[in-house]
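What follows is the content of upload22.pdb, which has PDB, C-alpha atoms:
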```
ATOM      1  CA  MET H   4     108.570 145.851  98.884
ATOM      2  CA  ALA H   5     106.582 143.797  96.374
ATOM      3  CA  THR H   6     103.043 142.757  97.194
ATOM      4  CA  SER H   7     102.899 139.340  98.850
ATOM      5  CA  ILE H   8     101.563 136.731  96.451
ATOM      6  CA  LYS H   9      99.239 135.608  99.250
ATOM      7  CA  LYS H  10      97.550 139.015  99.133
ATOM      8  CA  LEU H  11      96.812 139.072  95.421
ATOM      9  CA  PRO H  12      93.110 139.439  94.528
ATOM     10  CA  ASP H  13      91.118 136.265  93.915
ATOM     11  CA  ILE H  14      89.660 137.722  90.709
ATOM     12  CA  GLU H  15      90.392 135.722  87.550
ATOM     13  CA  GLN H  16      90.157 137.288  84.095
ATOM     14  CA  VAL H  17      91.750 134.276  82.380
ATOM     15  CA  LEU H  18      89.090 131.590  82.297
ATOM     16  CA  SER H  19      89.595 127.844  82.552
ATOM     17  CA  GLY H  20      89.372 125.778  79.404
ATOM     18  CA  ASN H  21      91.320 128.027  77.036
ATOM     19  CA  GLY H  22      93.620 126.483  74.454
ATOM     20  CA  ALA H  23      97.003 127.604  75.786
ATOM     21  CA  CYS H  24      99.884 125.140  75.954
ATOM     22  CA  GLY H  25     100.735 123.657  79.337
ATOM     23  CA  GLY H  26     103.064 125.997  81.189
ATOM     24  CA  CYS H  27     102.306 128.854  78.783
ATOM     25  CA  PRO H  28     104.036 131.969  80.172
ATOM     26  CA  ALA H  29     101.755 134.365  78.288
ATOM     27  CA  THR H  30      98.716 132.898  80.043
ATOM     28  CA  MET H  31     100.512 132.900  83.397
ATOM     29  CA  ALA H  32     101.438 136.551  82.933
ATOM     30  CA  LEU H  33      97.947 137.483  81.782
ATOM     31  CA  ARG H  34      96.520 136.046  85.013
ATOM     32  CA  MET H  35      98.652 138.516  86.978
ATOM     33  CA  VAL H  36      97.644 141.344  84.639
ATOM     34  CA  GLY H  37      93.984 140.445  85.180
ATOM     35  CA  LYS H  38      94.357 140.554  88.941
ATOM     36  CA  ALA H  39      95.951 143.996  88.686
ATOM     37  CA  LEU H  40      93.599 145.540  86.121
ATOM     38  CA  GLY H  41      90.345 143.987  87.308
ATOM     39  CA  PRO H  42      87.284 143.529  85.100
ATOM     40  CA  ASN H  43      86.949 147.124  83.865
ATOM     41  CA  ALA H  44      89.263 146.857  80.857
ATOM     42  CA  ILE H  45      89.208 146.410  77.082
ATOM     43  CA  MET H  46      91.717 143.998  75.580
ATOM     44  CA  LEU H  47      93.184 144.165  72.082
ATOM     45  CA  LEU H  48      95.059 141.197  70.619
ATOM     46  CA  THR H  49      97.272 141.080  67.564
ATOM     47  CA  PRO H  50      97.843 137.715  65.820
ATOM     48  CA  ALA H  51      99.865 135.658  68.285
ATOM     49  CA  CYS H  52      99.635 132.708  70.662
ATOM     50  CA  SER H  53      97.116 134.430  72.927
ATOM     51  CA  VAL H  54      94.703 134.749  69.993
ATOM     52  CA  ALA H  55      95.169 131.103  69.008
ATOM     53  CA  SER H  56      94.446 129.969  72.570
ATOM     54  CA  MET H  57      91.535 132.281  73.403
ATOM     55  CA  GLY H  58      88.814 129.762  72.521
ATOM     56  CA  MET H  59      86.258 129.226  69.789
ATOM     57  CA  THR H  60      84.044 132.104  68.673
ATOM     58  CA  PRO H  61      81.663 133.319  70.069
ATOM     59  CA  LYS H  62      83.118 132.240  73.426
ATOM     60  CA  LEU H  63      86.330 133.653  74.883
ATOM     61  CA  GLY H  64      88.984 132.376  77.263
ATOM     62  CA  TYR H  65      89.335 135.888  78.726
ATOM     63  CA  ASN H  66      86.770 137.700  80.846
ATOM     64  CA  TRP H  67      87.149 141.113  79.171
ATOM     65  CA  PRO H  68      85.713 142.560  75.979
ATOM     66  CA  CYS H  69      88.340 141.451  73.458
ATOM     67  CA  ILE H  70      89.034 142.753  69.975
ATOM     68  CA  ASN H  71      91.215 140.892  67.468
ATOM     69  CA  ILE H  72      93.139 143.401  65.388
ATOM     70  CA  THR H  73      95.722 143.272  62.630
ATOM     71  CA  PHE H  74      99.369 142.528  63.343
ATOM     72  CA  ALA H  75     100.599 146.053  62.706
ATOM     73  CA  SER H  76      97.870 148.068  64.391
ATOM     74  CA  ALA H  77      98.081 147.586  68.176
ATOM     75  CA  GLY H  78      99.126 151.191  68.800
ATOM     76  CA  SER H  79      96.611 152.774  66.446
ATOM     77  CA  SER H  80      93.701 150.509  67.384
ATOM     78  CA  ALA H  81      94.193 151.033  71.118
ATOM     79  CA  SER H  82      94.491 154.769  70.489
ATOM     80  CA  GLY H  83      91.182 154.811  68.640
ATOM     81  CA  ILE H  84      89.351 152.933  71.372
ATOM     82  CA  THR H  85      90.678 154.996  74.272
ATOM     83  CA  ASN H  86      89.808 158.226  72.450
ATOM     84  CA  ALA H  87      86.348 156.893  71.629
ATOM     85  CA  VAL H  88      85.465 156.051  75.231
ATOM     86  CA  GLU H  89      86.811 159.414  76.429
ATOM     87  CA  ILE H  90      84.608 161.236  73.899
ATOM     88  CA  MET H  91      81.608 159.146  74.949
ATOM     89  CA  LYS H  92      82.289 160.148  78.551
ATOM     90  CA  GLU H  93      82.457 163.845  77.616
ATOM     91  CA  LYS H  94      79.127 163.595  75.775
ATOM     92  CA  GLY H  95      77.393 161.852  78.666
ATOM     93  CA  ARG H  96      77.054 158.559  76.816
ATOM     94  CA  PHE H  97      79.300 156.643  79.205
ATOM     95  CA  GLU H  98      78.751 156.344  82.949
ATOM     96  CA  GLY H  99      81.190 155.237  85.616
ATOM     97  CA  GLU H 100      84.952 154.823  85.569
ATOM     98  CA  LEU H 101      86.560 154.632  82.153
ATOM     99  CA  PRO H 102      87.962 151.193  81.274
ATOM    100  CA  THR H 103      91.676 150.556  80.988
ATOM    101  CA  VAL H 104      92.480 150.032  77.317
ATOM    102  CA  PHE H 105      95.405 147.686  76.770
ATOM    103  CA  SER H 106      97.008 145.812  73.915
ATOM    104  CA  TRP H 107      98.420 142.336  74.447
ATOM    105  CA  ALA H 108     100.979 141.537  71.762
ATOM    106  CA  GLY H 109     103.979 139.298  71.227
ATOM    107  CA  ASP H 110     107.445 140.447  70.253
ATOM    108  CA  GLY H 111     106.587 140.165  66.557
ATOM    109  CA  GLY H 112     103.679 142.566  66.981
ATOM    110  CA  THR H 113     105.837 144.885  69.087
ATOM    111  CA  TYR H 114     109.480 144.800  68.020
ATOM    112  CA  ASP H 115     108.881 144.340  64.303
ATOM    113  CA  ILE H 116     105.514 144.426  62.551
ATOM    114  CA  GLY H 117     103.772 146.607  65.124
ATOM    115  CA  PHE H 118     106.567 149.050  65.917
ATOM    116  CA  GLN H 119     105.494 151.899  63.632
ATOM    117  CA  ALA H 120     101.986 152.272  65.103
ATOM    118  CA  LEU H 121     103.281 151.672  68.639
ATOM    119  CA  SER H 122     105.939 154.367  68.246
ATOM    120  CA  ALA H 123     103.334 156.799  66.930
ATOM    121  CA  ALA H 124     101.021 156.079  69.881
ATOM    122  CA  ALA H 125     103.923 156.675  72.267
ATOM    123  CA  GLU H 126     104.813 159.968  70.570
ATOM    124  CA  ARG H 127     101.187 161.088  71.043
ATOM    125  CA  ASN H 128     101.280 159.834  74.659
ATOM    126  CA  GLU H 129      98.010 157.958  74.248
ATOM    127  CA  ASN H 130      96.334 156.782  77.448
ATOM    128  CA  ILE H 131      96.878 153.046  76.927
ATOM    129  CA  ILE H 132      99.003 150.207  78.257
ATOM    130  CA  HIS H 133     100.923 148.160  75.712
ATOM    131  CA  PHE H 134     102.032 144.748  76.972
ATOM    132  CA  CYS H 135     104.630 142.795  75.046
ATOM    133  CA  TYR H 136     104.868 139.152  76.094
ATOM    134  CA  ASN H 137     108.269 138.421  74.671
ATOM    135  CA  ASN H 138     109.061 134.813  73.780
ATOM    136  CA  GLU H 139     111.957 135.971  71.607
ATOM    137  CA  ALA H 140     110.612 134.577  68.312
ATOM    138  CA  TYR H 141     107.528 134.263  66.130
ATOM    139  CA  SER H 142     106.491 131.156  68.043
ATOM    140  CA  ASN H 143     102.882 130.942  66.863
ATOM    141  CA  THR H 144     103.864 130.691  63.193
ATOM    142  CA  GLY H 145     106.633 128.117  63.447
ATOM    143  CA  VAL H 146     109.427 129.809  65.431
ATOM    144  CA  GLN H 147     111.029 132.334  63.082
ATOM    145  CA  ARG H 148     113.537 134.948  64.286
ATOM    146  CA  SER H 149     112.341 138.351  65.474
ATOM    147  CA  GLY H 150     114.090 141.497  66.604
ATOM    148  CA  ALA H 151     113.866 140.072  70.130
ATOM    149  CA  THR H 152     115.730 136.845  69.288
ATOM    150  CA  PRO H 153     119.107 136.711  71.058
ATOM    151  CA  ARG H 154     122.388 135.925  69.363
ATOM    152  CA  GLY H 155     123.112 132.235  68.816
ATOM    153  CA  THR H 156     119.463 131.134  68.758
ATOM    154  CA  PHE H 157     118.332 128.418  66.366
ATOM    155  CA  THR H 158     115.066 129.254  64.612
ATOM    156  CA  THR H 159     113.582 128.087  61.328
ATOM    157  CA  THR H 160     114.993 131.214  59.657
ATOM    158  CA  THR H 161     118.357 131.087  61.472
ATOM    159  CA  PRO H 162     119.291 127.397  61.093
ATOM    160  CA  THR H 163     122.924 128.004  62.057
ATOM    161  CA  GLY H 164     122.135 130.368  64.897
ATOM    162  CA  LYS H 165     121.266 134.053  64.780
ATOM    163  CA  ARG H 166     124.365 136.202  64.361
ATOM    164  CA  GLN H 167     122.977 139.511  65.648
ATOM    165  CA  PRO H 168     122.161 140.486  69.252
ATOM    166  CA  LYS H 169     118.577 141.334  70.179
ATOM    167  CA  LYS H 170     117.500 144.952  70.467
ATOM    168  CA  ASN H 171     116.419 146.636  73.703
ATOM    169  CA  MET H 172     112.782 147.446  72.971
ATOM    170  CA  ALA H 173     111.971 148.700  76.463
ATOM    171  CA  LEU H 174     114.797 151.208  76.175
ATOM    172  CA  LEU H 175     113.494 152.354  72.787
ATOM    173  CA  MET H 176     110.109 152.997  74.389
ATOM    174  CA  LEU H 177     111.785 154.896  77.222
ATOM    175  CA  GLU H 178     113.355 157.230  74.664
ATOM    176  CA  HIS H 179     109.845 158.208  73.533
ATOM    177  CA  ASN H 180     109.559 160.130  76.826
ATOM    178  CA  ILE H 181     106.440 158.284  77.955
ATOM    179  CA  PRO H 182     105.410 158.297  81.641
ATOM    180  CA  TYR H 183     106.071 154.647  82.476
ATOM    181  CA  VAL H 184     108.148 151.755  81.123
ATOM    182  CA  ALA H 185     108.787 148.459  82.898
ATOM    183  CA  THR H 186     110.091 144.949  82.369
ATOM    184  CA  ALA H 187     108.896 141.819  84.164
ATOM    185  CA  THR H 188     108.711 138.037  83.967
ATOM    186  CA  VAL H 189     106.532 135.247  85.311
ATOM    187  CA  ALA H 190     109.174 134.083  87.806
ATOM    188  CA  TYR H 191     108.452 137.226  89.847
ATOM    189  CA  PRO H 192     104.652 137.523  89.733
ATOM    190  CA  ALA H 193     104.329 140.052  92.561
ATOM    191  CA  ASP H 194     106.778 142.352  90.776
ATOM    192  CA  LEU H 195     104.656 142.099  87.616
ATOM    193  CA  TYR H 196     101.444 142.695  89.564
ATOM    194  CA  ASP H 197     102.788 145.833  91.240
ATOM    195  CA  LYS H 198     104.016 147.264  87.952
ATOM    196  CA  VAL H 199     100.624 146.766  86.302
ATOM    197  CA  VAL H 200      98.842 148.379  89.264
ATOM    198  CA  LYS H 201     101.184 151.356  88.946
ATOM    199  CA  ALA H 202     100.695 151.588  85.182
ATOM    200  CA  LYS H 203      96.917 151.540  85.613
ATOM    201  CA  SER H 204      97.114 154.609  87.865
ATOM    202  CA  ILE H 205      99.170 156.688  85.414
ATOM    203  CA  LYS H 206      97.586 158.724  82.624
ATOM    204  CA  GLY H 207      99.335 158.521  79.277
ATOM    205  CA  MET H 208     101.287 155.850  77.449
ATOM    206  CA  LYS H 209     102.601 152.904  79.440
ATOM    207  CA  TYR H 210     104.756 150.042  78.150
ATOM    208  CA  ILE H 211     105.374 146.784  80.027
ATOM    209  CA  GLU H 212     107.464 143.989  78.533
ATOM    210  CA  ILE H 213     107.254 140.499  80.007
ATOM    211  CA  LEU H 214     109.827 137.801  79.264
ATOM    212  CA  ALA H 215     107.807 134.720  78.295
ATOM    213  CA  PRO H 216     109.946 131.582  77.819
ATOM    214  CA  CYS H 217     108.151 129.354  75.309
ATOM    215  CA  TYR H 218     108.845 125.643  75.756
ATOM    216  CA  LEU H 219     108.075 124.966  72.085
ATOM    217  CA  GLY H 220     110.344 127.647  70.659
ATOM    218  CA  TRP H 221     113.029 127.481  73.321
ATOM    219  CA  GLN H 222     112.899 123.659  73.513
ATOM    220  CA  PHE H 223     112.727 122.844  77.199
ATOM    221  CA  ASP H 224     110.351 120.846  79.392
ATOM    222  CA  MET H 225     107.108 122.796  79.745
ATOM    223  CA  ALA H 226     107.234 122.370  83.528
ATOM    224  CA  ASP H 227     110.414 124.501  83.607
ATOM    225  CA  THR H 228     108.842 127.784  82.429
ATOM    226  CA  VAL H 229     109.258 129.556  85.755
ATOM    227  CA  GLN H 230     112.739 128.125  86.275
ATOM    228  CA  LEU H 231     113.898 129.422  82.877
ATOM    229  CA  SER H 232     112.420 132.833  83.660
ATOM    230  CA  ARG H 233     114.274 132.933  86.959
ATOM    231  CA  MET H 234     117.552 131.819  85.377
ATOM    232  CA  ALA H 235     117.236 134.538  82.731
ATOM    233  CA  VAL H 236     117.039 137.192  85.435
ATOM    234  CA  ARG H 237     119.724 135.752  87.675
ATOM    235  CA  SER H 238     122.171 135.517  84.764
ATOM    236  CA  GLY H 239     121.442 139.073  83.612
ATOM    237  CA  ALA H 240     120.035 137.869  80.291
ATOM    238  CA  TRP H 241     116.813 139.640  81.339
ATOM    239  CA  LEU H 242     116.924 142.765  83.499
ATOM    240  CA  LEU H 243     114.091 143.840  85.793
ATOM    241  CA  TRP H 244     113.650 147.606  85.837
ATOM    242  CA  GLU H 245     111.092 150.372  85.611
ATOM    243  CA  ALA H 246     111.181 154.023  84.658
ATOM    244  CA  ASP H 247     108.875 156.687  86.085
ATOM    245  CA  ASN H 248     108.974 159.770  83.836
ATOM    246  CA  GLY H 249     112.417 158.761  82.602
ATOM    247  CA  ARG H 250     113.995 157.912  85.957
ATOM    248  CA  ILE H 251     115.185 154.290  85.896
ATOM    249  CA  THR H 252     115.189 152.090  88.989
ATOM    250  CA  PHE H 253     116.154 148.430  89.091
ATOM    251  CA  ASN H 254     114.206 145.700  90.836
ATOM    252  CA  ASN H 255     115.648 142.743  92.711
ATOM    253  CA  PRO H 256     117.467 140.569  91.930
ATOM    254  CA  THR H 257     118.701 142.756  89.048
ATOM    255  CA  ALA H 258     119.332 145.654  91.431
ATOM    256  CA  GLN H 259     121.839 143.564  93.381
ATOM    257  CA  PHE H 260     124.289 143.115  90.534
ATOM    258  CA  ILE H 261     123.634 146.525  88.989
ATOM    259  CA  SER H 262     124.821 147.968  92.312
ATOM    260  CA  GLY H 263     127.741 145.524  92.502
ATOM    261  CA  LYS H 264     126.487 143.804  95.662
ATOM    262  CA  LYS H 265     126.221 140.487  93.860
ATOM    263  CA  ASN H 266     127.532 139.046  90.603
ATOM    264  CA  PRO H 267     125.102 137.627  88.047
ATOM    265  CA  GLU H 268     125.310 133.919  87.353
ATOM    266  CA  ALA H 269     127.244 132.803  84.272
ATOM    267  CA  VAL H 270     125.007 132.611  81.230
ATOM    268  CA  ASP H 271     126.191 129.175  80.046
ATOM    269  CA  GLU H 272     123.986 127.153  82.425
ATOM    270  CA  TYR H 273     120.957 129.164  81.282
ATOM    271  CA  LEU H 274     121.825 128.457  77.648
ATOM    272  CA  MET H 275     122.349 124.740  78.265
ATOM    273  CA  LYS H 276     118.782 124.358  79.529
ATOM    274  CA  GLN H 277     117.454 125.349  76.093
ATOM    275  CA  GLY H 278     117.456 123.219  72.982
ATOM    276  CA  ARG H 279     117.416 126.322  70.776
ATOM    277  CA  PHE H 280     121.110 126.800  71.617
ATOM    278  CA  SER H 281     122.084 123.138  71.174
ATOM    279  CA  ARG H 282     123.854 123.647  67.843
ATOM    280  CA  LEU H 283     125.846 126.490  69.322
ATOM    281  CA  LEU H 284     126.827 124.415  72.361
ATOM    282  CA  GLN H 285     127.806 121.329  70.370
ATOM    283  CA  GLY H 286     129.892 123.026  67.692
ATOM    284  CA  PRO H 287     133.687 123.284  67.590
ATOM    285  CA  ASP H 288     133.461 127.017  68.268
ATOM    286  CA  ALA H 289     131.082 126.595  71.218
ATOM    287  CA  LYS H 290     133.285 128.428  73.721
ATOM    288  CA  GLU H 291     133.692 131.428  71.435
ATOM    289  CA  ARG H 292     129.973 131.684  70.675
ATOM    290  CA  ILE H 293     128.977 131.319  74.338
ATOM    291  CA  ALA H 294     131.501 134.048  75.111
ATOM    292  CA  GLU H 295     129.779 136.245  72.498
ATOM    293  CA  ILE H 296     126.452 135.847  74.265
ATOM    294  CA  GLN H 297     128.047 136.448  77.652
ATOM    295  CA  GLY H 298     129.558 139.599  76.164
ATOM    296  CA  ASP H 299     126.117 140.759  75.011
ATOM    297  CA  VAL H 300     124.763 140.242  78.540
ATOM    298  CA  ASP H 301     127.709 142.006  80.188
ATOM    299  CA  ARG H 302     127.472 144.989  77.833
ATOM    300  CA  GLU H 303     123.729 145.331  78.432
ATOM    301  CA  ILE H 304     124.240 145.348  82.201
ATOM    302  CA  ALA H 305     127.029 147.920  81.932
ATOM    303  CA  PHE H 306     125.037 150.092  79.539
ATOM    304  CA  MET H 307     121.848 150.076  81.608
ATOM    305  CA  ARG H 308     123.847 150.812  84.758
ATOM    306  CA  GLU H 309     125.222 153.954  83.131
ATOM    307  CA  ARG H 310     121.947 154.854  81.375
ATOM    308  CA  ALA H 311     120.174 154.896  84.708
ATOM    309  CA  LYS H 312     122.485 157.701  85.858
ATOM    310  CA  ILE H 313     121.123 160.001  83.142
ATOM    311  CA  PHE H 314     118.097 161.957  84.283
ATOM    312  CA  ILE H 315     117.297 165.581  83.527
TER     313      ILE H 315
END
```

Can you dump the structure from the file as structure tokens?
Amino acid sequence: MATSIKKLPDIEQVLSGNGACGGCPATMALRMVGKALGPNAIMLLTPACSVASMGMTPKLGYNWPCINITFASAGSSASGITNAVEIMKEKGRFEGELPTVFSWAGDGGTYDIGFQALSAAAERNENIIHFCYNNEAYSNTGVQRSGATPRGTFTTTTPTGKRQPKKNMALLMLEHNIPYVATATVAYPADLYDKVVKAKSIKGMKYIEILAPCYLGWQFDMADTVQLSRMAVRSGAWLLWEADNGRITFNNPTAQFISGKKNPEAVDEYLMKQGRFSRLLQGPDAKERIAEIQGDVDREIAFMRERAKIFI
């Protein structure tokens, strides 16, 4: 059973007065991460919304030591830092518990530009946590498509709607044989908190991906961030699961329709809440294109159901 939200620690690592948009899911998620990790951590940020909103140098909107790194280097930079502090500990130059080293990157710095270094860090099983807050586009630079952008989405580089389905990045990380992989979203904060606490306790590479609906890129009222997150899960457009040493388990409410106890909601209502799908929904082929997206969701559910049965 997930930790009650009433029992979450009072500690705050995200400080008031940062420059995040109202209803920003990345900031909401980072609050939960901060409560789970505590103050003894080192944060690395690739270029993304969380860098733009962190405050004016030399002050920070986050209560950790933070290092801004290049777009492509989250995996390698985090690897270097975690190895450095471990060597300092061995040489007696570091006292106390080692800090948790984690990278906080968007889908651009994870799925696309940062994948090479991240994959290499996973292959080496570096003792880091990589968080991907996934808003399904390059939102900070004007809303261009990324590898996480779902089919049918309007972006500035897909003006008629993206024709390809998004890739399953969490599954790709699972296939690196790392100790822990998980997905989460801000609509289920206790689930996210518990997964971060678990990841912190595991030595080796950990990957947690958080769906982060962006009101600017997705085009919805900023007050509806949590509602959109919840609708994504309930429709099956975003699945909640975790894998301990390769063994996949699903978290509610995803577990209910993976097991067949409950059917996911139709995806069309979820799509209609987002302006990024408006051209798809208003066109003469709207039914066919919505059916394509529903097909992507149904195939992903069916695939992950069967993939979870594979464990050696």

Just need the box for stretch 42-51 of chain H, edges along x, y and z, holding every atom the file lists for it with 4 Å tacked onto each side, so centre and edge lengths in Å to one decimal, as AutoDock Vina command-line options.
```
--center_x 93.4 --center_y 141.4 --center_z 75.5 --size_x 20.9 --size_y 19.5 --size_z 27.3
```

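The nearest approach to H:Ala51 among the residues H:Asn255, H:Asn248, H:Ser142, H:Thr160, with only C-alpha atoms taken into account, belongs to H:Ser142.
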
Residue nearest H:Arg148 among H:Gly207, H:Pro168, H:Pro287, H:Gly78 (counting only C-alpha atoms):
H:Pro168

Which residues of stretch 154-246 of chain H come within 7 Å of stretch 123-127 of chain H, and what is each one's closest atom pair and distance in Å (one decimal), counting only C-alpha atoms, sorted by chain and residue number, as a tab-separated table?
```
residue	atom	partner	partner_atom	distance
H:His179	CA	H:Glu126	CA	6.1
H:Ile181	CA	H:Ala125	CA	6.4
H:Met208	CA	H:Ala125	CA	5.9
```

6 Å contact set for stretch 190-201 of chain H, all atoms listed in the file, chain neighbours under 3 positions out, as a PyMOL selection string
chain H and resi 5-6+8+35+39+187+204+229+232-233

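Using the PyMOL selection byres ((chain H and resi 83) around 12) on the file at hand returns these residues: Leu47, Ser76, Ala77, Gly78, Ser79, Ser80, Ala81, Ser82, Ile84, Thr85, Asn86, Ala87, Val88, Glu89, Ile90, Val104, Phe105, Ser106, Ala120, Ala124, Glu129, Asn130 and Ile131 of chain H.
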
The PyMOL selection byres ((chain H and resi 12) around 9) on the file shown: which residues, as JSON, numbers by chain?
{"H": [9, 10, 11, 13, 14, 15, 38, 39, 41]}

Evaluating the PyMOL selection byres ((chain H and resi 67) around 12) on the displayed file yields which residues, as an MDAnalysis selection string?
chainID H and resid 15:18 33 36:37 40:48 57 62:66 68:70 102:105

Store the residues picked out above in a file with C-alpha atoms, as an mmCIF file, in the frame of the given file.
```
data_model
loop_
_atom_site.group_PDB
_atom_site.id
_atom_site.type_symbol
_atom_site.label_atom_id
_atom_site.label_comp_id
_atom_site.auth_asym_id
_atom_site.auth_seq_id
_atom_site.Cartn_x
_atom_site.Cartn_y
_atom_site.Cartn_z
ATOM 1 C CA GLU H 15 90.392 135.722 87.550
ATOM 2 C CA GLN H 16 90.157 137.288 84.095
ATOM 3 C CA VAL H 17 91.750 134.276 82.380
ATOM 4 C CA LEU H 18 89.090 131.590 82.297
ATOM 5 C CA LEU H 33 97.947 137.483 81.782
ATOM 6 C CA VAL H 36 97.644 141.344 84.639
ATOM 7 C CA GLY H 37 93.984 140.445 85.180
ATOM 8 C CA LEU H 40 93.599 145.540 86.121
ATOM 9 C CA GLY H 41 90.345 143.987 87.308
ATOM 10 C CA PRO H 42 87.284 143.529 85.100
ATOM 11 C CA ASN H 43 86.949 147.124 83.865
ATOM 12 C CA ALA H 44 89.263 146.857 80.857
ATOM 13 C CA ILE H 45 89.208 146.410 77.082
ATOM 14 C CA MET H 46 91.717 143.998 75.580
ATOM 15 C CA LEU H 47 93.184 144.165 72.082
ATOM 16 C CA LEU H 48 95.059 141.197 70.619
ATOM 17 C CA MET H 57 91.535 132.281 73.403
ATOM 18 C CA LYS H 62 83.118 132.240 73.426
ATOM 19 C CA LEU H 63 86.330 133.653 74.883
ATOM 20 C CA GLY H 64 88.984 132.376 77.263
ATOM 21 C CA TYR H 65 89.335 135.888 78.726
ATOM 22 C CA ASN H 66 86.770 137.700 80.846
ATOM 23 C CA PRO H 68 85.713 142.560 75.979
ATOM 24 C CA CYS H 69 88.340 141.451 73.458
ATOM 25 C CA ILE H 70 89.034 142.753 69.975
ATOM 26 C CA PRO H 102 87.962 151.193 81.274
ATOM 27 C CA THR H 103 91.676 150.556 80.988
ATOM 28 C CA VAL H 104 92.480 150.032 77.317
ATOM 29 C CA PHE H 105 95.405 147.686 76.770
#
```

Within 12 Å of H:Gln259, counting all atoms listed in the file, which residues show up once you throw out same-chain ones fewer than 3 positions away? Write them as a PyMOL selection string, please.
chain H and resi 236-239+242-244+252-256+262-268+304+308

Please report the interatomic distance between atom CA of H:Glu245 and atom CA of H:Val184 in Å with one decimal.
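Rounded to one decimal, the two atoms are 5.5 Å apart.
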